[in-house]
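Shown next: target_20.pdb, given as PDB, C-alpha atoms.
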```
ATOM      1  CA  MET A   1     176.832  12.860-123.604
ATOM      2  CA  THR A   2     175.475  14.928-126.497
ATOM      3  CA  SER A   3     173.105  13.457-129.053
ATOM      4  CA  ALA A   4     175.764  13.436-131.776
ATOM      5  CA  THR A   5     178.328  11.749-129.528
ATOM      6  CA  TRP A   6     175.698   9.205-128.452
ATOM      7  CA  ARG A   7     174.941   8.309-132.062
ATOM      8  CA  ARG A   8     178.632   8.058-133.004
ATOM      9  CA  THR A   9     179.299   5.787-130.040
ATOM     10  CA  GLU A  10     176.290   3.655-130.948
ATOM     11  CA  ARG A  11     177.425   3.285-134.560
ATOM     12  CA  GLY A  12     180.989   2.505-133.485
ATOM     13  CA  LEU A  13     179.806  -0.243-131.139
ATOM     14  CA  GLY A  14     177.584  -1.659-133.872
ATOM     15  CA  TRP A  15     180.434  -1.920-136.371
ATOM     16  CA  LEU A  16     182.781  -3.343-133.736
ATOM     17  CA  ALA A  17     180.186  -5.948-132.732
ATOM     18  CA  LEU A  18     179.751  -6.919-136.387
ATOM     19  CA  LEU A  19     183.531  -7.234-136.879
ATOM     20  CA  LEU A  20     184.037  -9.335-133.740
ATOM     21  CA  SER A  21     181.051 -11.544-134.595
ATOM     22  CA  ALA A  22     182.437 -12.160-138.086
ATOM     23  CA  MET A  23     185.849 -13.009-136.629
ATOM     24  CA  THR A  24     184.211 -15.430-134.184
ATOM     25  CA  LEU A  25     182.245 -17.084-136.984
ATOM     26  CA  VAL A  26     185.274 -17.517-139.239
ATOM     27  CA  ALA A  27     187.515 -18.696-136.392
ATOM     28  CA  GLY A  28     184.855 -21.105-135.117
ATOM     29  CA  LEU A  29     184.336 -22.653-138.551
ATOM     30  CA  TRP A  30     187.962 -22.875-139.684
ATOM     31  CA  PHE A  31     190.263 -22.813-136.668
ATOM     32  CA  SER A  32     188.336 -24.448-133.850
ATOM     33  CA  PRO A  33     189.619 -27.844-132.687
ATOM     34  CA  SER A  34     187.082 -30.669-132.868
ATOM     35  CA  GLU A  35     185.448 -31.778-129.635
ATOM     36  CA  ARG A  36     185.407 -35.431-128.606
ATOM     37  CA  VAL A  37     181.599 -35.729-128.560
ATOM     38  CA  LEU A  38     180.368 -32.875-130.754
ATOM     39  CA  GLY A  39     183.070 -32.993-133.410
ATOM     40  CA  ARG A  40     182.719 -29.978-135.694
ATOM     41  CA  MET A  41     179.437 -29.064-133.990
ATOM     42  CA  VAL A  42     181.568 -27.569-131.212
ATOM     43  CA  GLY A  43     180.916 -24.217-132.924
ATOM     44  CA  ILE A  44     177.532 -24.179-131.176
ATOM     45  CA  LEU A  45     179.332 -23.595-127.883
ATOM     46  CA  TYR A  46     180.875 -20.347-129.126
ATOM     47  CA  VAL A  47     177.369 -19.023-129.703
ATOM     48  CA  HIS A  48     175.860 -20.560-126.577
ATOM     49  CA  ALA A  49     178.505 -19.448-124.067
ATOM     50  CA  GLY A  50     178.547 -15.842-125.274
ATOM     51  CA  ALA A  51     174.749 -15.637-125.294
ATOM     52  CA  ALA A  52     174.489 -17.154-121.806
ATOM     53  CA  TRP A  53     177.105 -14.766-120.400
ATOM     54  CA  THR A  54     175.392 -11.678-121.833
ATOM     55  CA  THR A  55     171.950 -12.927-120.737
ATOM     56  CA  TYR A  56     173.258 -12.751-117.162
ATOM     57  CA  LEU A  57     174.948  -9.427-117.854
ATOM     58  CA  ALA A  58     171.766  -7.924-119.319
ATOM     59  CA  GLY A  59     169.832  -9.121-116.272
ATOM     60  CA  GLY A  60     172.384  -7.510-113.978
ATOM     61  CA  VAL A  61     172.132  -4.209-115.884
ATOM     62  CA  THR A  62     168.330  -4.352-115.686
ATOM     63  CA  ALA A  63     168.324  -5.028-111.940
ATOM     64  CA  ILE A  64     170.925  -2.363-111.112
ATOM     65  CA  ALA A  65     169.176   0.223-113.295
ATOM     66  CA  ALA A  66     165.817  -0.709-111.727
ATOM     67  CA  LEU A  67     167.245  -0.242-108.235
ATOM     68  CA  ALA A  68     168.761   3.092-109.245
ATOM     69  CA  TYR A  69     165.376   4.171-110.615
ATOM     70  CA  LEU A  70     163.600   3.289-107.367
ATOM     71  CA  ARG A  71     166.092   5.478-105.511
ATOM     72  CA  SER A  72     166.190   8.422-107.922
ATOM     73  CA  ARG A  73     162.982   8.198-110.031
ATOM     74  CA  SER A  74     165.125   9.124-113.046
ATOM     75  CA  GLU A  75     163.695   8.221-116.465
ATOM     76  CA  ALA A  76     167.226   7.615-117.725
ATOM     77  CA  TRP A  77     167.642   4.676-115.324
ATOM     78  CA  ASP A  78     164.247   3.318-116.312
ATOM     79  CA  GLY A  79     165.261   3.518-119.980
ATOM     80  CA  LEU A  80     168.445   1.573-119.286
ATOM     81  CA  ALA A  81     166.446  -1.040-117.359
ATOM     82  CA  VAL A  82     164.030  -1.674-120.224
ATOM     83  CA  ALA A  83     166.962  -1.808-122.649
ATOM     84  CA  GLY A  84     168.535  -4.537-120.529
ATOM     85  CA  GLY A  85     165.230  -6.393-120.317
ATOM     86  CA  GLU A  86     164.746  -6.505-124.076
ATOM     87  CA  ALA A  87     168.355  -7.508-124.691
ATOM     88  CA  GLY A  88     168.075 -10.209-122.034
ATOM     89  CA  LEU A  89     164.971 -11.662-123.661
ATOM     90  CA  TRP A  90     166.633 -11.968-127.074
ATOM     91  CA  LEU A  91     169.906 -13.297-125.697
ATOM     92  CA  GLY A  92     168.051 -15.705-123.423
ATOM     93  CA  THR A  93     166.214 -17.049-126.463
ATOM     94  CA  VAL A  94     169.532 -17.694-128.196
ATOM     95  CA  THR A  95     170.843 -19.371-125.037
ATOM     96  CA  LEU A  96     167.893 -21.758-124.812
ATOM     97  CA  LEU A  97     167.902 -22.615-128.526
ATOM     98  CA  THR A  98     171.637 -23.267-128.756
ATOM     99  CA  GLY A  99     171.564 -25.204-125.488
ATOM    100  CA  SER A 100     168.895 -27.481-126.946
ATOM    101  CA  LEU A 101     170.945 -27.925-130.132
ATOM    102  CA  TRP A 102     173.997 -28.840-128.072
ATOM    103  CA  ALA A 103     172.005 -31.348-126.007
ATOM    104  CA  ARG A 104     170.555 -32.924-129.139
ATOM    105  CA  GLY A 105     173.973 -33.301-130.738
ATOM    106  CA  ALA A 106     175.770 -34.496-127.595
ATOM    107  CA  GLN A 107     173.147 -36.564-125.764
ATOM    108  CA  GLY A 108     170.232 -37.059-128.146
ATOM    109  CA  TRP A 109     167.544 -35.006-126.380
ATOM    110  CA  TRP A 110     166.150 -31.510-126.829
ATOM    111  CA  TRP A 111     164.950 -30.769-123.290
ATOM    112  CA  ARG A 112     164.899 -32.274-119.801
ATOM    113  CA  TRP A 113     162.801 -30.933-116.954
ATOM    114  CA  ASP A 114     165.053 -32.627-114.395
ATOM    115  CA  ASP A 115     168.024 -30.411-115.322
ATOM    116  CA  PRO A 116     167.835 -27.456-112.873
ATOM    117  CA  ARG A 117     169.977 -25.156-115.005
ATOM    118  CA  LEU A 118     167.716 -25.553-118.018
ATOM    119  CA  VAL A 119     164.616 -24.920-115.930
ATOM    120  CA  LEU A 120     166.118 -21.880-114.186
ATOM    121  CA  THR A 121     167.213 -20.403-117.531
ATOM    122  CA  LEU A 122     163.675 -20.851-118.851
ATOM    123  CA  PHE A 123     162.290 -19.223-115.694
ATOM    124  CA  LEU A 124     164.647 -16.275-116.205
ATOM    125  CA  TRP A 125     163.383 -16.002-119.802
ATOM    126  CA  PHE A 126     159.801 -15.817-118.525
ATOM    127  CA  LEU A 127     160.838 -13.103-116.063
ATOM    128  CA  TYR A 128     162.192 -11.008-118.946
ATOM    129  CA  ALA A 129     159.014 -11.654-120.950
ATOM    130  CA  GLY A 130     156.832 -10.768-117.962
ATOM    131  CA  TYR A 131     158.832  -7.604-117.338
ATOM    132  CA  LEU A 132     158.300  -6.391-120.902
ATOM    133  CA  THR A 133     154.634  -7.454-120.934
ATOM    134  CA  LEU A 134     153.984  -5.539-117.726
ATOM    135  CA  ARG A 135     155.370  -2.412-119.312
ATOM    136  CA  GLN A 136     152.879  -2.730-122.181
ATOM    137  CA  PHE A 137     149.875  -2.629-119.848
ATOM    138  CA  THR A 138     150.963   0.134-117.457
ATOM    139  CA  GLU A 139     151.940   3.760-117.971
ATOM    140  CA  GLY A 140     154.114   6.509-116.571
ATOM    141  CA  GLU A 141     155.671   6.262-113.122
ATOM    142  CA  ARG A 142     153.502   3.265-112.203
ATOM    143  CA  ARG A 143     154.912   1.351-115.181
ATOM    144  CA  ALA A 144     158.498   2.115-114.220
ATOM    145  CA  ARG A 145     157.952   1.355-110.520
ATOM    146  CA  LEU A 146     156.173  -1.991-110.952
ATOM    147  CA  SER A 147     158.546  -3.241-113.645
ATOM    148  CA  ALA A 148     161.548  -2.223-111.506
ATOM    149  CA  VAL A 149     160.299  -4.403-108.652
ATOM    150  CA  LEU A 150     159.832  -7.331-111.056
ATOM    151  CA  ALA A 151     163.327  -6.794-112.501
ATOM    152  CA  LEU A 152     164.881  -7.199-109.056
ATOM    153  CA  LEU A 153     163.431 -10.712-108.833
ATOM    154  CA  GLY A 154     165.810 -11.755-111.593
ATOM    155  CA  LEU A 155     168.887 -11.364-109.373
ATOM    156  CA  PRO A 156     168.292 -14.388-107.093
ATOM    157  CA  VAL A 157     167.329 -16.482-110.135
ATOM    158  CA  MET A 158     170.622 -15.631-111.862
ATOM    159  CA  VAL A 159     172.661 -16.354-108.734
ATOM    160  CA  LEU A 160     170.885 -19.683-108.245
ATOM    161  CA  ASN A 161     171.376 -20.544-111.916
ATOM    162  CA  HIS A 162     175.080 -19.759-111.745
ATOM    163  CA  PHE A 163     175.635 -22.102-108.801
ATOM    164  CA  ALA A 164     173.211 -24.788-110.020
ATOM    165  CA  LEU A 165     176.023 -27.080-111.181
ATOM    166  CA  THR A 166     177.602 -26.964-107.732
ATOM    167  CA  LEU A 167     174.406 -27.203-105.704
ATOM    168  CA  TRP A 168     172.675 -30.027-107.576
ATOM    169  CA  GLN A 169     175.405 -31.551-109.782
ATOM    170  CA  PRO A 170     172.971 -32.361-112.614
ATOM    171  CA  ARG A 171     173.716 -35.466-114.653
ATOM    172  CA  PHE A 172     172.963 -33.990-118.058
ATOM    173  CA  HIS A 173     174.498 -30.508-118.060
ATOM    174  CA  PRO A 174     178.275 -30.483-118.727
ATOM    175  CA  ALA A 175     180.566 -29.658-115.831
ATOM    176  CA  PRO A 176     182.354 -26.275-115.770
ATOM    177  CA  VAL A 177     185.186 -26.070-118.300
ATOM    178  CA  ILE A 178     186.917 -22.836-117.259
ATOM    179  CA  GLY A 179     186.078 -22.290-113.584
ATOM    180  CA  ARG A 180     187.594 -25.546-112.315
ATOM    181  CA  PRO A 181     189.772 -25.901-109.187
ATOM    182  CA  GLY A 182     192.498 -27.590-111.211
ATOM    183  CA  GLY A 183     192.418 -25.088-114.070
ATOM    184  CA  PRO A 184     190.553 -25.003-117.402
ATOM    185  CA  ALA A 185     189.792 -28.390-118.974
ATOM    186  CA  ALA A 186     190.258 -27.208-122.553
ATOM    187  CA  SER A 187     192.987 -26.401-125.031
ATOM    188  CA  PRO A 188     194.364 -22.826-125.239
ATOM    189  CA  GLN A 189     192.969 -22.553-128.782
ATOM    190  CA  PHE A 190     189.460 -23.359-127.557
ATOM    191  CA  LEU A 191     189.766 -20.883-124.682
ATOM    192  CA  TRP A 192     190.970 -18.152-127.039
ATOM    193  CA  LEU A 193     188.004 -18.666-129.357
ATOM    194  CA  LEU A 194     185.616 -18.771-126.412
ATOM    195  CA  GLY A 195     187.033 -15.489-125.127
ATOM    196  CA  LEU A 196     186.620 -13.914-128.571
ATOM    197  CA  SER A 197     182.993 -15.047-128.645
ATOM    198  CA  MET A 198     182.254 -13.604-125.225
ATOM    199  CA  LEU A 199     183.911 -10.310-126.169
ATOM    200  CA  ALA A 200     181.813 -10.123-129.355
ATOM    201  CA  TYR A 201     178.610 -10.708-127.398
ATOM    202  CA  THR A 202     179.588  -8.160-124.751
ATOM    203  CA  VAL A 203     180.114  -5.454-127.378
ATOM    204  CA  LEU A 204     176.855  -6.499-129.059
ATOM    205  CA  LEU A 205     175.042  -6.117-125.739
ATOM    206  CA  ALA A 206     176.559  -2.661-125.210
ATOM    207  CA  TRP A 207     175.312  -1.631-128.671
ATOM    208  CA  MET A 208     171.830  -2.982-127.940
ATOM    209  CA  LEU A 209     171.682  -1.204-124.578
ATOM    210  CA  LEU A 210     172.809   2.126-125.969
ATOM    211  CA  GLY A 211     170.422   2.054-128.919
ATOM    212  CA  ARG A 212     167.380   0.884-126.959
ATOM    213  CA  ALA A 213     167.982   3.348-124.117
ATOM    214  CA  ARG A 214     168.124   6.167-126.683
ATOM    215  CA  LEU A 215     164.821   5.036-128.206
ATOM    216  CA  GLU A 216     163.212   4.882-124.761
ATOM    217  CA  SER A 217     164.405   8.423-124.070
ATOM    218  CA  LEU A 218     162.778   9.607-127.306
ATOM    219  CA  ARG A 219     159.587   7.745-126.405
ATOM    220  CA  ASN A 220     159.417   9.425-122.997
ATOM    221  CA  ALA A 221     159.946  12.811-124.637
ATOM    222  CA  LEU A 222     157.065  12.172-127.067
ATOM    223  CA  GLU A 223     154.777  11.029-124.238
ATOM    224  CA  ALA A 224     155.631  14.165-122.270
TER
END
```

Would you put the structure from the file into structure tokens?
Amino acid sequence: MTSATWRRTERGLGWLALLLSAMTLVAGLWFSPSERVLGRMVGILYVHAGAAWTTYLAGGVTAIAALAYLRSRSEAWDGLAVAGGEAGLWLGTVTLLTGSLWARGAQGWWWRWDDPRLVLTLFLWFLYAGYLTLRQFTEGERRARLSAVLALLGLPVMVLNHFALTLWQPRFHPAPVIGRPGGPAASPQFLWLLGLSMLAYTVLLAWMLLGRARLESLRNALEA
């Protein structure tokens, strides 16, 4: 991909992410059905679900790119890994904040240490933060190699987090709404809006990855 094509793709993804985010915001405020417990605060879930999904996705990109770097020693893979790490940190922050807002509105508390999914999400956030901090205090191939090993530790945490509701059946975290044996426990309108939110966040993540990977490539060129 040439530099001009890269920049055009990046700009196109940015505008598309902005359009989809605006559509999600308008649809969530005006067309979303009220939820039995949250009422009109159900809009928080459209932010939370999309952020949580892309936090996992960013972690997967980081781990896969880190593994590819360890096999090839290509700076391009290392740049994609750090792009995923930064995106995962920001999206993980949104996930934790909106999750706390949901819990406050639905159950009256901000945080519970006995909820395994909350704790695992926080641990994943610290992994992202540690990954980026490590890169600030190391250089060159050593920086890429050490941070790649740390990035791979995020995979088992994400898998464990995904199955936390099944393994521990926590009392405070809501049960799965979509991935249920008997089918989704939500109205088609809610599912449509949730899908729009997740699409908006996915495009946003793609824009973040492309832009940050390009900046990392420029940084490596300046260091060289």

Can you tell me which residues surround Leu132 in chain A at a distance of at most 8 Å, considering all atoms listed in the file, apart from same-chain residues fewer than 5 positions away, and format the answer as an mmCIF file with C-alpha atoms, in the frame of the given file?
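The result, stored in part.cif:
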```cif
data_model
loop_
_atom_site.group_PDB
_atom_site.id
_atom_site.type_symbol
_atom_site.label_atom_id
_atom_site.label_comp_id
_atom_site.auth_asym_id
_atom_site.auth_seq_id
_atom_site.Cartn_x
_atom_site.Cartn_y
_atom_site.Cartn_z
ATOM 1 C CA VAL A 82 164.030 -1.674 -120.224
ATOM 2 C CA GLY A 85 165.230 -6.393 -120.317
ATOM 3 C CA GLU A 86 164.746 -6.505 -124.076
ATOM 4 C CA SER A 147 158.546 -3.241 -113.645
#
```

- Task: Given the file shown, enumerate the residues that the PyMOL selection byres ((chain A and resi 97) around 12) captures and present them as a VMD selection string.
- Result: chain A and resid 44 to 45 47 to 49 51 to 52 90 to 96 98 to 104 110 to 111 118 121 to 122 125

- Item | Which of A:Glu223, A:Leu196, A:Leu209, A:Leu204 sits closest to Gly14 in chain A [using only C-alpha atoms] | A:Leu204

Give one line per residue of range 128-170 of chain A that approaches range 71-78 of chain A to at most 12 Å, naming the two atoms of the closest pair and their distance in Å to one decimal, counting only C-alpha atoms; sort by chain then ascending residue number and deliver it as JSON lines.
```
{"residue": "A:Arg135", "atom": "CA", "partner": "A:Asp78", "partner_atom": "CA", "distance": 11.0}
{"residue": "A:Gly140", "atom": "CA", "partner": "A:Glu75", "partner_atom": "CA", "distance": 9.7}
{"residue": "A:Glu141", "atom": "CA", "partner": "A:Arg73", "partner_atom": "CA", "distance": 8.2}
{"residue": "A:Arg142", "atom": "CA", "partner": "A:Arg73", "partner_atom": "CA", "distance": 10.9}
{"residue": "A:Arg143", "atom": "CA", "partner": "A:Asp78", "partner_atom": "CA", "distance": 9.6}
{"residue": "A:Ala144", "atom": "CA", "partner": "A:Asp78", "partner_atom": "CA", "distance": 6.2}
{"residue": "A:Arg145", "atom": "CA", "partner": "A:Arg73", "partner_atom": "CA", "distance": 8.5}
{"residue": "A:Leu146", "atom": "CA", "partner": "A:Asp78", "partner_atom": "CA", "distance": 11.1}
{"residue": "A:Ser147", "atom": "CA", "partner": "A:Asp78", "partner_atom": "CA", "distance": 9.1}
{"residue": "A:Ala148", "atom": "CA", "partner": "A:Asp78", "partner_atom": "CA", "distance": 7.8}
{"residue": "A:Val149", "atom": "CA", "partner": "A:Asp78", "partner_atom": "CA", "distance": 11.6}
{"residue": "A:Ala151", "atom": "CA", "partner": "A:Asp78", "partner_atom": "CA", "distance": 10.8}
```

Print the selection's residues with C-alpha atoms to a file, as a compact mmCIF listing (two decimals), in the coordinates of the input.
```
# COMPACT_ATOMS: atom_id res chain seq x y z
CA ARG A 135 155.37 -2.41 -119.31
CA GLY A 140 154.11 6.51 -116.57
CA GLU A 141 155.67 6.26 -113.12
CA ARG A 142 153.50 3.26 -112.20
CA ARG A 143 154.91 1.35 -115.18
CA ALA A 144 158.50 2.12 -114.22
CA ARG A 145 157.95 1.36 -110.52
CA LEU A 146 156.17 -1.99 -110.95
CA SER A 147 158.55 -3.24 -113.64
CA ALA A 148 161.55 -2.22 -111.51
CA VAL A 149 160.30 -4.40 -108.65
CA ALA A 151 163.33 -6.79 -112.50
```

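Among the candidates A:Tyr56, A:Phe163, A:Trp192, A:Phe123, the one nearest to Gly84 in chain A when counting all atoms listed in the file is A:Tyr56.
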
Could you model N, CA and C atoms for range 62-88 of chain A and present them as a PDB file, keeping the file's coordinate frame?
```
ATOM      1  N   THR A  62     169.743  -4.660-115.928  1.00  0.00           N
ATOM      2  CA  THR A  62     168.330  -4.352-115.686  1.00  0.00           C
ATOM      3  C   THR A  62     168.054  -4.175-114.195  1.00  0.00           C
ATOM      4  N   ALA A  63     168.573  -5.094-113.384  1.00  0.00           N
ATOM      5  CA  ALA A  63     168.324  -5.028-111.940  1.00  0.00           C
ATOM      6  C   ALA A  63     168.975  -3.801-111.304  1.00  0.00           C
ATOM      7  N   ILE A  64     170.225  -3.521-111.687  1.00  0.00           N
ATOM      8  CA  ILE A  64     170.925  -2.363-111.112  1.00  0.00           C
ATOM      9  C   ILE A  64     170.244  -1.064-111.526  1.00  0.00           C
ATOM     10  N   ALA A  65     169.863  -0.977-112.815  1.00  0.00           N
ATOM     11  CA  ALA A  65     169.176   0.223-113.295  1.00  0.00           C
ATOM     12  C   ALA A  65     167.809   0.371-112.631  1.00  0.00           C
ATOM     13  N   ALA A  66     167.117  -0.756-112.401  1.00  0.00           N
ATOM     14  CA  ALA A  66     165.817  -0.709-111.727  1.00  0.00           C
ATOM     15  C   ALA A  66     165.966  -0.209-110.293  1.00  0.00           C
ATOM     16  N   LEU A  67     167.000  -0.700-109.601  1.00  0.00           N
ATOM     17  CA  LEU A  67     167.245  -0.242-108.235  1.00  0.00           C
ATOM     18  C   LEU A  67     167.589   1.239-108.205  1.00  0.00           C
ATOM     19  N   ALA A  68     168.402   1.676-109.170  1.00  0.00           N
ATOM     20  CA  ALA A  68     168.761   3.092-109.245  1.00  0.00           C
ATOM     21  C   ALA A  68     167.525   3.944-109.531  1.00  0.00           C
ATOM     22  N   TYR A  69     166.608   3.416-110.351  1.00  0.00           N
ATOM     23  CA  TYR A  69     165.376   4.171-110.615  1.00  0.00           C
ATOM     24  C   TYR A  69     164.537   4.310-109.352  1.00  0.00           C
ATOM     25  N   LEU A  70     164.403   3.233-108.587  1.00  0.00           N
ATOM     26  CA  LEU A  70     163.600   3.289-107.367  1.00  0.00           C
ATOM     27  C   LEU A  70     164.162   4.299-106.369  1.00  0.00           C
ATOM     28  N   ARG A  71     165.467   4.525-106.421  1.00  0.00           N
ATOM     29  CA  ARG A  71     166.092   5.478-105.511  1.00  0.00           C
ATOM     30  C   ARG A  71     166.011   6.911-106.036  1.00  0.00           C
ATOM     31  N   SER A  72     166.079   7.074-107.361  1.00  0.00           N
ATOM     32  CA  SER A  72     166.190   8.422-107.922  1.00  0.00           C
ATOM     33  C   SER A  72     164.972   8.888-108.707  1.00  0.00           C
ATOM     34  N   ARG A  73     164.129   7.920-109.164  1.00  0.00           N
ATOM     35  CA  ARG A  73     162.982   8.198-110.031  1.00  0.00           C
ATOM     36  C   ARG A  73     163.417   8.875-111.340  1.00  0.00           C
ATOM     37  N   SER A  74     164.609   8.548-111.805  1.00  0.00           N
ATOM     38  CA  SER A  74     165.125   9.124-113.046  1.00  0.00           C
ATOM     39  C   SER A  74     164.682   8.286-114.245  1.00  0.00           C
ATOM     40  N   GLU A  75     164.127   8.938-115.265  1.00  0.00           N
ATOM     41  CA  GLU A  75     163.695   8.221-116.465  1.00  0.00           C
ATOM     42  C   GLU A  75     164.869   7.598-117.216  1.00  0.00           C
ATOM     43  N   ALA A  76     166.053   8.174-117.053  1.00  0.00           N
ATOM     44  CA  ALA A  76     167.226   7.615-117.725  1.00  0.00           C
ATOM     45  C   ALA A  76     167.520   6.206-117.205  1.00  0.00           C
ATOM     46  N   TRP A  77     167.416   6.006-115.890  1.00  0.00           N
ATOM     47  CA  TRP A  77     167.642   4.676-115.324  1.00  0.00           C
ATOM     48  C   TRP A  77     166.557   3.704-115.770  1.00  0.00           C
ATOM     49  N   ASP A  78     165.334   4.176-115.848  1.00  0.00           N
ATOM     50  CA  ASP A  78     164.247   3.318-116.312  1.00  0.00           C
ATOM     51  C   ASP A  78     164.469   2.914-117.768  1.00  0.00           C
ATOM     52  N   GLY A  79     164.964   3.838-118.583  1.00  0.00           N
ATOM     53  CA  GLY A  79     165.261   3.518-119.980  1.00  0.00           C
ATOM     54  C   GLY A  79     166.355   2.483-120.113  1.00  0.00           C
ATOM     55  N   LEU A  80     167.374   2.570-119.257  1.00  0.00           N
ATOM     56  CA  LEU A  80     168.445   1.573-119.286  1.00  0.00           C
ATOM     57  C   LEU A  80     167.918   0.209-118.830  1.00  0.00           C
ATOM     58  N   ALA A  81     167.016   0.218-117.845  1.00  0.00           N
ATOM     59  CA  ALA A  81     166.446  -1.040-117.359  1.00  0.00           C
ATOM     60  C   ALA A  81     165.658  -1.754-118.450  1.00  0.00           C
ATOM     61  N   VAL A  82     164.823  -1.032-119.170  1.00  0.00           N
ATOM     62  CA  VAL A  82     164.030  -1.674-120.224  1.00  0.00           C
ATOM     63  C   VAL A  82     164.934  -2.126-121.377  1.00  0.00           C
ATOM     64  N   ALA A  83     166.002  -1.384-121.625  1.00  0.00           N
ATOM     65  CA  ALA A  83     166.962  -1.808-122.649  1.00  0.00           C
ATOM     66  C   ALA A  83     167.599  -3.139-122.269  1.00  0.00           C
ATOM     67  N   GLY A  84     167.970  -3.276-120.999  1.00  0.00           N
ATOM     68  CA  GLY A  84     168.535  -4.537-120.529  1.00  0.00           C
ATOM     69  C   GLY A  84     167.521  -5.666-120.575  1.00  0.00           C
ATOM     70  N   GLY A  85     166.261  -5.369-120.272  1.00  0.00           N
ATOM     71  CA  GLY A  85     165.230  -6.393-120.317  1.00  0.00           C
ATOM     72  C   GLY A  85     164.999  -6.936-121.713  1.00  0.00           C
ATOM     73  N   GLU A  86     164.943  -6.053-122.695  1.00  0.00           N
ATOM     74  CA  GLU A  86     164.746  -6.505-124.076  1.00  0.00           C
ATOM     75  C   GLU A  86     165.953  -7.293-124.574  1.00  0.00           C
ATOM     76  N   ALA A  87     167.150  -6.795-124.280  1.00  0.00           N
ATOM     77  CA  ALA A  87     168.355  -7.508-124.691  1.00  0.00           C
ATOM     78  C   ALA A  87     168.417  -8.883-124.027  1.00  0.00           C
ATOM     79  N   GLY A  88     168.055  -8.939-122.747  1.00  0.00           N
ATOM     80  CA  GLY A  88     168.075 -10.209-122.034  1.00  0.00           C
ATOM     81  C   GLY A  88     167.105 -11.216-122.611  1.00  0.00           C
TER      82      GLY A  88
END
```
